[in-house]
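Next up, my_file01.csv (CSV, C-alpha atoms and all ligand atoms):
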```
chain,number,residue,atom,x,y,z
A,441,MET,CA,-15.9,-14.6,-2.9
A,442,ALA,CA,-16.4,-12.8,-6.1
A,443,GLN,CA,-16.6,-9.0,-5.6
A,444,LYS,CA,-16.6,-8.0,-1.9
A,445,HIS,CA,-13.4,-7.3,-0.1
A,446,LYS,CA,-12.5,-9.5,2.8
A,447,LEU,CA,-13.8,-8.4,6.2
A,448,VAL,CA,-11.6,-8.3,9.3
A,449,ALA,CA,-13.6,-7.6,12.5
A,450,GLY,CA,-12.1,-7.2,16.0
A,451,ASN,CA,-14.0,-8.6,18.9
A,452,TRP,CA,-12.7,-6.9,22.0
A,453,LYS,CA,-14.8,-9.0,24.4
A,454,LEU,CA,-14.8,-7.7,28.0
A,455,ASN,CA,-11.8,-5.5,27.6
A,456,GLY,CA,-11.0,-1.9,27.5
A,457,GLY,CA,-11.3,1.4,29.3
A,458,LEU,CA,-11.6,5.0,28.1
A,459,ALA,CA,-7.9,5.7,28.1
A,460,ALA,CA,-6.8,2.4,26.6
A,461,ASN,CA,-9.5,2.5,24.0
A,462,ALA,CA,-8.5,6.0,22.9
A,463,ALA,CA,-4.9,4.8,22.3
A,464,LEU,CA,-6.1,1.6,20.5
A,465,LEU,CA,-8.7,3.3,18.4
A,466,GLY,CA,-6.4,6.2,17.5
A,467,ALA,CA,-3.9,3.7,16.1
A,468,LEU,CA,-6.4,1.9,13.8
A,469,GLU,CA,-6.8,3.1,10.2
A,470,ALA,CA,-8.6,2.2,7.1
A,471,VAL,CA,-6.8,-0.3,4.9
A,472,ALA,CA,-7.5,-0.1,1.2
A,473,GLY,CA,-8.8,-3.4,-0.2
A,474,VAL,CA,-10.2,-4.8,3.1
A,475,GLU,CA,-13.2,-3.9,5.2
A,476,VAL,CA,-12.2,-3.4,8.8
A,477,ALA,CA,-14.5,-3.3,11.9
A,478,VAL,CA,-14.1,-3.2,15.6
A,479,CYS,CA,-16.6,-4.4,18.2
A,480,PRO,CA,-16.0,-2.8,21.6
A,481,PRO,CA,-18.1,-3.4,24.7
A,482,PHE,CA,-21.5,-1.5,24.6
A,483,PRO,CA,-20.5,1.4,26.9
A,484,TYR,CA,-17.6,2.3,24.6
A,485,LEU,CA,-19.5,2.3,21.3
A,486,ALA,CA,-20.1,6.1,21.3
A,487,GLN,CA,-16.4,6.7,22.1
A,488,ALA,CA,-15.4,4.4,19.3
A,489,ALA,CA,-17.8,6.0,16.9
A,490,SER,CA,-16.3,9.4,17.6
A,491,LEU,CA,-12.7,8.2,17.1
A,492,LEU,CA,-12.8,5.8,14.2
A,493,LYS,CA,-12.0,6.9,10.7
A,494,GLY,CA,-12.7,4.5,7.9
A,495,VAL,CA,-13.2,1.6,10.3
A,496,ALA,CA,-16.7,0.3,10.8
A,497,LEU,CA,-18.3,-0.2,14.2
A,498,GLY,CA,-19.9,-3.4,15.5
A,499,ALA,CA,-21.5,-4.7,18.7
A,500,GLN,CA,-20.6,-7.9,20.4
A,501,SER,CA,-24.2,-9.0,20.9
A,502,VAL,CA,-27.8,-7.6,20.5
A,503,SER,CA,-31.1,-8.1,22.2
A,504,GLU,CA,-33.8,-10.0,20.4
A,505,PHE,CA,-36.2,-7.4,21.8
A,506,GLN,CA,-36.8,-3.9,20.4
A,507,SER,CA,-37.9,-2.1,23.6
A,508,GLY,CA,-39.7,-2.6,26.9
A,509,ALA,CA,-39.2,-4.4,30.2
A,510,TYR,CA,-36.0,-6.2,29.4
A,511,THR,CA,-33.5,-5.0,32.0
A,512,GLY,CA,-29.9,-5.0,30.9
A,513,GLU,CA,-30.7,-5.6,27.2
A,514,VAL,CA,-29.5,-3.4,24.3
A,515,SER,CA,-31.6,-3.3,21.2
A,516,ALA,CA,-30.5,-3.4,17.6
A,517,GLU,CA,-32.2,0.0,17.0
A,518,MET,CA,-30.0,1.5,19.8
A,519,LEU,CA,-26.9,0.0,18.2
A,520,ALA,CA,-27.8,1.4,14.8
A,521,GLU,CA,-28.4,4.8,16.3
A,522,LEU,CA,-24.9,4.7,17.8
A,523,GLY,CA,-23.4,4.1,14.4
A,524,CYS,CA,-23.0,0.3,14.4
A,525,LYS,CA,-22.9,-1.4,11.1
A,526,PHE,CA,-22.4,-4.9,12.5
A,527,ALA,CA,-23.6,-7.0,15.4
A,528,ILE,CA,-22.0,-10.3,16.4
A,529,VAL,CA,-24.6,-12.9,17.2
A,530,GLY,CA,-24.3,-16.4,18.6
A,531,HIS,CA,-20.7,-16.1,19.7
A,532,SER,CA,-19.7,-19.4,21.4
A,533,GLU,CA,-19.0,-17.6,24.7
A,534,ARG,CA,-22.6,-16.3,24.7
A,535,ARG,CA,-23.9,-19.7,23.9
A,536,ALA,CA,-21.8,-21.5,26.5
A,537,LEU,CA,-21.8,-18.9,29.3
A,538,PHE,CA,-25.0,-17.0,28.9
A,539,GLY,CA,-27.5,-19.6,27.9
A,540,GLU,CA,-28.1,-18.4,24.3
A,541,ASP,CA,-29.7,-21.3,22.5
A,542,GLU,CA,-30.0,-21.8,18.8
A,543,ALA,CA,-33.5,-20.4,18.6
A,544,SER,CA,-32.5,-17.2,20.4
A,545,VAL,CA,-29.5,-16.8,18.0
A,546,GLY,CA,-32.0,-16.9,15.2
A,547,ARG,CA,-34.2,-14.2,16.9
A,548,LYS,CA,-31.2,-12.0,17.6
A,549,THR,CA,-30.2,-12.3,13.9
A,550,ALA,CA,-33.7,-11.2,12.9
A,551,ALA,CA,-33.6,-8.3,15.3
A,552,ALA,CA,-30.3,-7.1,13.9
A,553,LEU,CA,-31.6,-7.4,10.4
A,554,ARG,CA,-34.8,-5.5,11.3
A,555,ALA,CA,-32.7,-2.5,12.4
A,556,GLY,CA,-30.6,-2.6,9.3
A,557,LEU,CA,-27.5,-4.0,11.1
A,558,VAL,CA,-25.4,-6.7,9.4
A,559,PRO,CA,-25.3,-9.7,11.7
A,560,ILE,CA,-22.1,-11.7,12.0
A,561,VAL,CA,-23.5,-15.1,12.8
A,562,CYS,CA,-21.0,-17.3,14.7
A,563,VAL,CA,-21.1,-21.0,14.4
A,564,GLY,CA,-18.7,-23.7,15.3
A,565,GLU,CA,-18.2,-27.1,16.9
A,566,SER,CA,-16.6,-28.1,20.2
A,567,LEU,CA,-13.5,-30.3,20.4
A,568,ALA,CA,-15.6,-33.3,21.4
A,569,GLU,CA,-18.0,-32.7,18.5
A,570,ARG,CA,-15.1,-32.5,16.1
A,571,GLU,CA,-13.5,-35.6,17.5
A,572,ALA,CA,-16.8,-37.4,17.1
A,573,GLY,CA,-17.0,-36.4,13.4
A,574,GLN,CA,-19.9,-34.2,14.1
A,575,ALA,CA,-18.5,-30.8,13.0
A,576,SER,CA,-20.5,-30.5,9.8
A,577,ALA,CA,-23.8,-31.7,11.4
A,578,VAL,CA,-23.4,-29.2,14.3
A,579,ILE,CA,-22.7,-26.3,12.1
A,580,ARG,CA,-25.5,-27.1,9.7
A,581,ARG,CA,-27.9,-27.4,12.6
A,582,GLN,CA,-26.8,-24.0,14.0
A,583,LEU,CA,-27.2,-22.4,10.6
A,584,ASP,CA,-30.5,-24.1,10.1
A,585,ALA,CA,-31.8,-22.6,13.3
A,586,VAL,CA,-31.0,-19.1,12.0
A,587,ARG,CA,-32.6,-19.9,8.6
A,588,THR,CA,-35.8,-21.1,10.2
A,589,VAL,CA,-36.2,-17.7,11.8
A,590,VAL,CA,-34.9,-15.3,9.1
A,591,GLY,CA,-35.4,-17.3,5.9
A,592,THR,CA,-32.9,-18.0,3.1
A,593,PRO,CA,-33.0,-14.6,1.4
A,594,ALA,CA,-31.7,-12.9,4.6
A,595,PHE,CA,-28.4,-14.7,4.1
A,596,ALA,CA,-27.6,-12.2,1.5
A,597,ARG,CA,-27.6,-9.6,4.3
A,598,LEU,CA,-25.4,-11.2,6.9
A,599,GLU,CA,-21.9,-12.6,7.5
A,600,ILE,CA,-21.1,-16.0,8.8
A,601,ALA,CA,-18.2,-16.6,11.1
A,602,TYR,CA,-16.8,-20.1,11.5
A,603,GLU,CA,-15.3,-20.2,15.0
A,604,PRO,CA,-14.3,-23.7,16.2
A,605,VAL,CA,-14.8,-23.5,20.0
A,606,TRP,CA,-11.5,-25.3,20.5
A,607,ALA,CA,-9.6,-22.6,18.7
A,608,ILE,CA,-11.0,-19.5,20.4
A,609,GLY,CA,-8.5,-18.0,22.8
A,610,THR,CA,-6.4,-21.1,22.9
A,611,GLY,CA,-3.6,-20.2,20.6
A,612,ARG,CA,-4.5,-23.3,18.6
A,613,ALA,CA,-6.0,-22.1,15.4
A,614,ALA,CA,-7.5,-24.4,12.9
A,615,THR,CA,-5.1,-25.2,10.1
A,616,ALA,CA,-5.8,-23.5,6.9
A,617,ALA,CA,-7.0,-26.9,5.4
A,618,GLN,CA,-9.4,-27.5,8.4
A,619,ALA,CA,-10.8,-24.0,8.0
A,620,GLN,CA,-11.2,-24.4,4.2
A,621,GLU,CA,-13.0,-27.7,4.6
A,622,VAL,CA,-15.6,-26.3,6.9
A,623,HIS,CA,-16.0,-23.0,4.9
A,624,ALA,CA,-16.5,-25.1,1.8
A,625,ASP,CA,-19.2,-27.1,3.6
A,626,ILE,CA,-20.9,-24.0,4.8
A,627,ARG,CA,-20.9,-22.7,1.2
A,628,ARG,CA,-22.4,-26.0,0.1
A,629,TRP,CA,-25.1,-25.7,2.7
A,630,LEU,CA,-25.9,-22.1,1.5
A,631,GLY,CA,-26.2,-23.5,-2.0
A,632,GLU,CA,-28.5,-26.3,-0.9
A,633,GLN,CA,-30.8,-23.7,0.7
A,634,GLY,CA,-31.0,-21.8,-2.6
A,635,ALA,CA,-28.9,-18.9,-1.4
A,636,ASP,CA,-26.3,-17.1,-3.6
A,637,ALA,CA,-23.5,-19.0,-1.8
A,638,LYS,CA,-20.7,-17.0,-3.4
A,639,ALA,CA,-22.1,-13.7,-2.2
A,640,VAL,CA,-22.0,-14.6,1.5
A,641,ARG,CA,-18.8,-13.8,3.3
A,642,ILE,CA,-17.6,-16.6,5.6
A,643,LEU,CA,-15.1,-15.4,8.2
A,644,TYR,CA,-12.7,-17.6,10.2
A,645,GLY,CA,-12.2,-16.9,13.9
A,646,GLY,CA,-10.1,-18.7,16.5
A,647,SER,CA,-6.5,-17.7,17.4
A,648,VAL,CA,-5.9,-15.7,14.2
A,649,LYS,CA,-2.6,-13.9,14.7
A,650,ALA,CA,-0.4,-11.8,12.5
A,651,ASP,CA,1.7,-14.8,11.6
A,652,ASN,CA,-1.0,-17.2,10.6
A,653,ALA,CA,-3.5,-14.8,9.0
A,654,ALA,CA,-2.1,-14.9,5.5
A,655,GLU,CA,-2.3,-18.6,5.2
A,656,LEU,CA,-5.8,-18.8,6.6
A,657,PHE,CA,-7.0,-15.8,4.4
A,658,GLY,CA,-5.3,-17.5,1.4
A,659,MET,CA,-7.9,-20.3,1.4
A,660,PRO,CA,-10.5,-19.9,-1.4
A,661,ASP,CA,-13.5,-19.9,0.9
A,662,VAL,CA,-12.1,-17.8,3.8
A,663,ASP,CA,-13.4,-14.3,3.3
A,664,GLY,CA,-11.9,-12.7,6.3
A,665,GLY,CA,-11.6,-13.1,10.0
A,666,LEU,CA,-13.2,-12.5,13.4
A,667,ILE,CA,-10.3,-11.6,15.7
A,668,GLY,CA,-10.3,-11.7,19.5
A,669,GLY,CA,-7.0,-11.4,21.4
A,670,ALA,CA,-5.0,-10.0,18.6
A,671,ALA,CA,-7.6,-7.2,18.0
A,672,LEU,CA,-6.5,-5.6,21.3
A,673,VAL,CA,-3.0,-4.8,20.0
A,674,ALA,CA,-3.2,-2.2,17.2
A,675,GLN,CA,0.0,-3.3,15.5
A,676,ASP,CA,-1.1,-7.0,15.4
A,677,PHE,CA,-4.7,-6.1,14.3
A,678,MET,CA,-3.4,-3.9,11.5
A,679,ALA,CA,-1.0,-6.6,10.3
A,680,ILE,CA,-3.9,-9.0,10.1
A,681,CYS,CA,-5.9,-6.5,8.1
A,682,ARG,CA,-3.0,-6.1,5.7
A,683,ALA,CA,-2.7,-9.9,5.4
A,684,ALA,CA,-6.3,-9.9,4.2
A,685,VAL,CA,-5.5,-7.4,1.5
A,686,ALA,CA,-2.5,-9.3,0.3
A,687,GLN,CA,-4.8,-12.4,-0.1
A,688,GLY,CA,-7.3,-10.5,-2.3
A,689,ALA,CA,-11.1,-10.7,-2.4
B,1,LIG,C1,-13.3,-14.6,19.2
B,1,LIG,O1,-13.5,-14.4,20.4
B,1,LIG,O2,-14.2,-14.4,18.4
B,1,LIG,C2,-11.9,-15.1,18.8
B,1,LIG,C3,-11.8,-15.5,17.6
B,1,LIG,O3,-10.9,-15.0,19.8
B,1,LIG,P1,-9.4,-15.3,19.6
B,1,LIG,O4,-8.9,-14.6,18.3
B,1,LIG,O5,-8.7,-14.7,20.8
B,1,LIG,O6,-9.2,-16.8,19.5
```
Will you turn the file into structure tokens for me?
Amino acid sequence: MAQKHKLVAGNWKLNGGLAANAALLGALEAVAGVEVAVCPPFPYLAQAASLLKGVALGAQSVSEFQSGAYTGEVSAEMLAELGCKFAIVGHSERRALFGEDEASVGRKTAAALRAGLVPIVCVGESLAEREAGQASAVIRRQLDAVRTVVGTPAFARLEIAYEPVWAIGTGRAATAAQAQEVHADIRRWLGEQGADAKAVRILYGGSVKADNAAELFGMPDVDGGLIGGAALVAQDFMAICRAAVAQGA
């Protein structure tokens, strides 16, 4: 990464409640030299928007539709109106548990961009795919599905999160070397598409904790992190944010 600060985004998943959120949000603060964001469940976005200071807001998913007869969906425009800057798209839990396929991840990315949100596009291989030597092919296919819908220039307006499925919520993070290898490959793919590869932030996600963040963020192609479990504990999340500062842009 050349100029941008690293980005550390917390994905709260299906966790929280008004009282617990107030305590957690109240303990988060801006950290100079790193961009910090939190992504609470939809019903708590307004609460978070009212309590956050110097920390950006994001959503965990977004509808591909703008309005109409789509019961249960939340549009990108609604998220923007609530103060969201980011929207996570294509998280592996959404792909695996809620039937989001590669084409719909592309359409959700387009919907987020249309509303002026910054999509955080998640990609990553399963353990079986890694063991079969298919990690690069899988990730390139996932990225290609997004590129097909939004086009190469749009990659200047989004973030990519490499999240190996086997590392999410397992306590088994990728090693710094494993993360770097994939991030470098994603950057190569960006260059092959004609994108300004250095200008795109590539986050790592999967069991990032206060004690492994510095090593992961120290890799040349790791531009920040998408944090699940550790984002629910203010002290841990803040420590991860500070680790990102220490490792520079
Ligand atoms: C995630 O859900 O995006 C994630 C990275 O979770 P965890 O940090 O808990 O592995």
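By only C-alpha atoms, and with residues fewer than 4 positions from His623 of chain A along its chain excluded, the set lying at most 7 Å from it is Ala619, Arg627, Ile642, Asp661 and Val662 of chain A.
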Show me, as JSON lines, the residues of chain A having an atom within 7 Å of ligand LIG 1 (chain B), each with the closest atom pair and its distance in Å, using only C-alpha atoms and all ligand atoms.
```
{"residue": "A:Asn451", "atom": "CA", "partner": "B:LIG1", "partner_atom": "O2", "distance": 5.8}
{"residue": "A:Lys453", "atom": "CA", "partner": "B:LIG1", "partner_atom": "O1", "distance": 6.8}
{"residue": "A:His531", "atom": "CA", "partner": "B:LIG1", "partner_atom": "O2", "distance": 6.8}
{"residue": "A:Glu603", "atom": "CA", "partner": "B:LIG1", "partner_atom": "C3", "distance": 6.4}
{"residue": "A:Ala607", "atom": "CA", "partner": "B:LIG1", "partner_atom": "O6", "distance": 5.9}
{"residue": "A:Ile608", "atom": "CA", "partner": "B:LIG1", "partner_atom": "O6", "distance": 3.4}
{"residue": "A:Gly609", "atom": "CA", "partner": "B:LIG1", "partner_atom": "O6", "distance": 3.6}
{"residue": "A:Thr610", "atom": "CA", "partner": "B:LIG1", "partner_atom": "O6", "distance": 6.2}
{"residue": "A:Gly611", "atom": "CA", "partner": "B:LIG1", "partner_atom": "O6", "distance": 6.6}
{"residue": "A:Gly645", "atom": "CA", "partner": "B:LIG1", "partner_atom": "C3", "distance": 4.0}
{"residue": "A:Gly646", "atom": "CA", "partner": "B:LIG1", "partner_atom": "O6", "distance": 3.7}
{"residue": "A:Ser647", "atom": "CA", "partner": "B:LIG1", "partner_atom": "O6", "distance": 3.5}
{"residue": "A:Val648", "atom": "CA", "partner": "B:LIG1", "partner_atom": "O4", "distance": 5.2}
{"residue": "A:Leu666", "atom": "CA", "partner": "B:LIG1", "partner_atom": "C3", "distance": 5.3}
{"residue": "A:Ile667", "atom": "CA", "partner": "B:LIG1", "partner_atom": "O4", "distance": 4.2}
{"residue": "A:Gly668", "atom": "CA", "partner": "B:LIG1", "partner_atom": "O3", "distance": 3.4}
{"residue": "A:Gly669", "atom": "CA", "partner": "B:LIG1", "partner_atom": "O5", "distance": 3.8}
{"residue": "A:Ala670", "atom": "CA", "partner": "B:LIG1", "partner_atom": "O4", "distance": 6.0}
```
Store the residues picked out above in a file with C-alpha atoms, as a PDB file, in the coordinates of the input.
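Written out: result-v7.pdb:
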```pdb
ATOM      1  CA  ASN A 451     -14.000  -8.600  18.900  1.00  0.00           C
ATOM      2  CA  LYS A 453     -14.800  -9.000  24.400  1.00  0.00           C
ATOM      3  CA  HIS A 531     -20.700 -16.100  19.700  1.00  0.00           C
ATOM      4  CA  GLU A 603     -15.300 -20.200  15.000  1.00  0.00           C
ATOM      5  CA  ALA A 607      -9.600 -22.600  18.700  1.00  0.00           C
ATOM      6  CA  ILE A 608     -11.000 -19.500  20.400  1.00  0.00           C
ATOM      7  CA  GLY A 609      -8.500 -18.000  22.800  1.00  0.00           C
ATOM      8  CA  THR A 610      -6.400 -21.100  22.900  1.00  0.00           C
ATOM      9  CA  GLY A 611      -3.600 -20.200  20.600  1.00  0.00           C
ATOM     10  CA  GLY A 645     -12.200 -16.900  13.900  1.00  0.00           C
ATOM     11  CA  GLY A 646     -10.100 -18.700  16.500  1.00  0.00           C
ATOM     12  CA  SER A 647      -6.500 -17.700  17.400  1.00  0.00           C
ATOM     13  CA  VAL A 648      -5.900 -15.700  14.200  1.00  0.00           C
ATOM     14  CA  LEU A 666     -13.200 -12.500  13.400  1.00  0.00           C
ATOM     15  CA  ILE A 667     -10.300 -11.600  15.700  1.00  0.00           C
ATOM     16  CA  GLY A 668     -10.300 -11.700  19.500  1.00  0.00           C
ATOM     17  CA  GLY A 669      -7.000 -11.400  21.400  1.00  0.00           C
ATOM     18  CA  ALA A 670      -5.000 -10.000  18.600  1.00  0.00           C
TER      19      ALA A 670
END
```
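Pairwise distance (atom CA of Val586 of chain A, atom CA of Ser501 of chain A) equals 15.1 Å.
Using only C-alpha atoms, the shortest contact distance between Ala536 of chain A and any of A:Met678, A:Leu458, A:Leu553, A:Glu565 is found at A:Glu565.
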Could you give me, as a tab-separated table (two decimals) with C-alpha atoms, in the frame of the given file, the residues that sit within 12 Å of (-32.6, -2.5, 9.6) in the file's coordinates, counting all atoms listed in the file?
```tsv
chain	number	residue	atom	x	y	z
A	506	GLN	CA	-36.80	-3.90	20.40
A	515	SER	CA	-31.60	-3.30	21.20
A	516	ALA	CA	-30.50	-3.40	17.60
A	517	GLU	CA	-32.20	0.00	17.00
A	518	MET	CA	-30.00	1.50	19.80
A	519	LEU	CA	-26.90	0.00	18.20
A	520	ALA	CA	-27.80	1.40	14.80
A	521	GLU	CA	-28.40	4.80	16.30
A	524	CYS	CA	-23.00	0.30	14.40
A	525	LYS	CA	-22.90	-1.40	11.10
A	526	PHE	CA	-22.40	-4.90	12.50
A	527	ALA	CA	-23.60	-7.00	15.40
A	549	THR	CA	-30.20	-12.30	13.90
A	550	ALA	CA	-33.70	-11.20	12.90
A	551	ALA	CA	-33.60	-8.30	15.30
A	552	ALA	CA	-30.30	-7.10	13.90
A	553	LEU	CA	-31.60	-7.40	10.40
A	554	ARG	CA	-34.80	-5.50	11.30
A	555	ALA	CA	-32.70	-2.50	12.40
A	556	GLY	CA	-30.60	-2.60	9.30
A	557	LEU	CA	-27.50	-4.00	11.10
A	558	VAL	CA	-25.40	-6.70	9.40
A	559	PRO	CA	-25.30	-9.70	11.70
A	594	ALA	CA	-31.70	-12.90	4.60
A	597	ARG	CA	-27.60	-9.60	4.30
A	598	LEU	CA	-25.40	-11.20	6.90
```
I'd like the contact shell of segment 476-485 of chain A - 10 Å cut-off, all atoms listed in the file, skipping same-chain residues fewer than 5 positions apart - returned as a count of residues only. 53
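Between atom CA of Met659 of chain A and atom CA of Ala617 of chain A the separation is 7.8 Å.
Picture a line from atom CA of Ala614 of chain A to atom CA of Glu533 of chain A; it runs 17.8 Å.
For the residues A:Ser532, A:Gln687, A:Ser503, A:Thr511, ranking by smallest atom-to-atom distance to Gln582 of chain A using only C-alpha atoms places A:Ser532 first.
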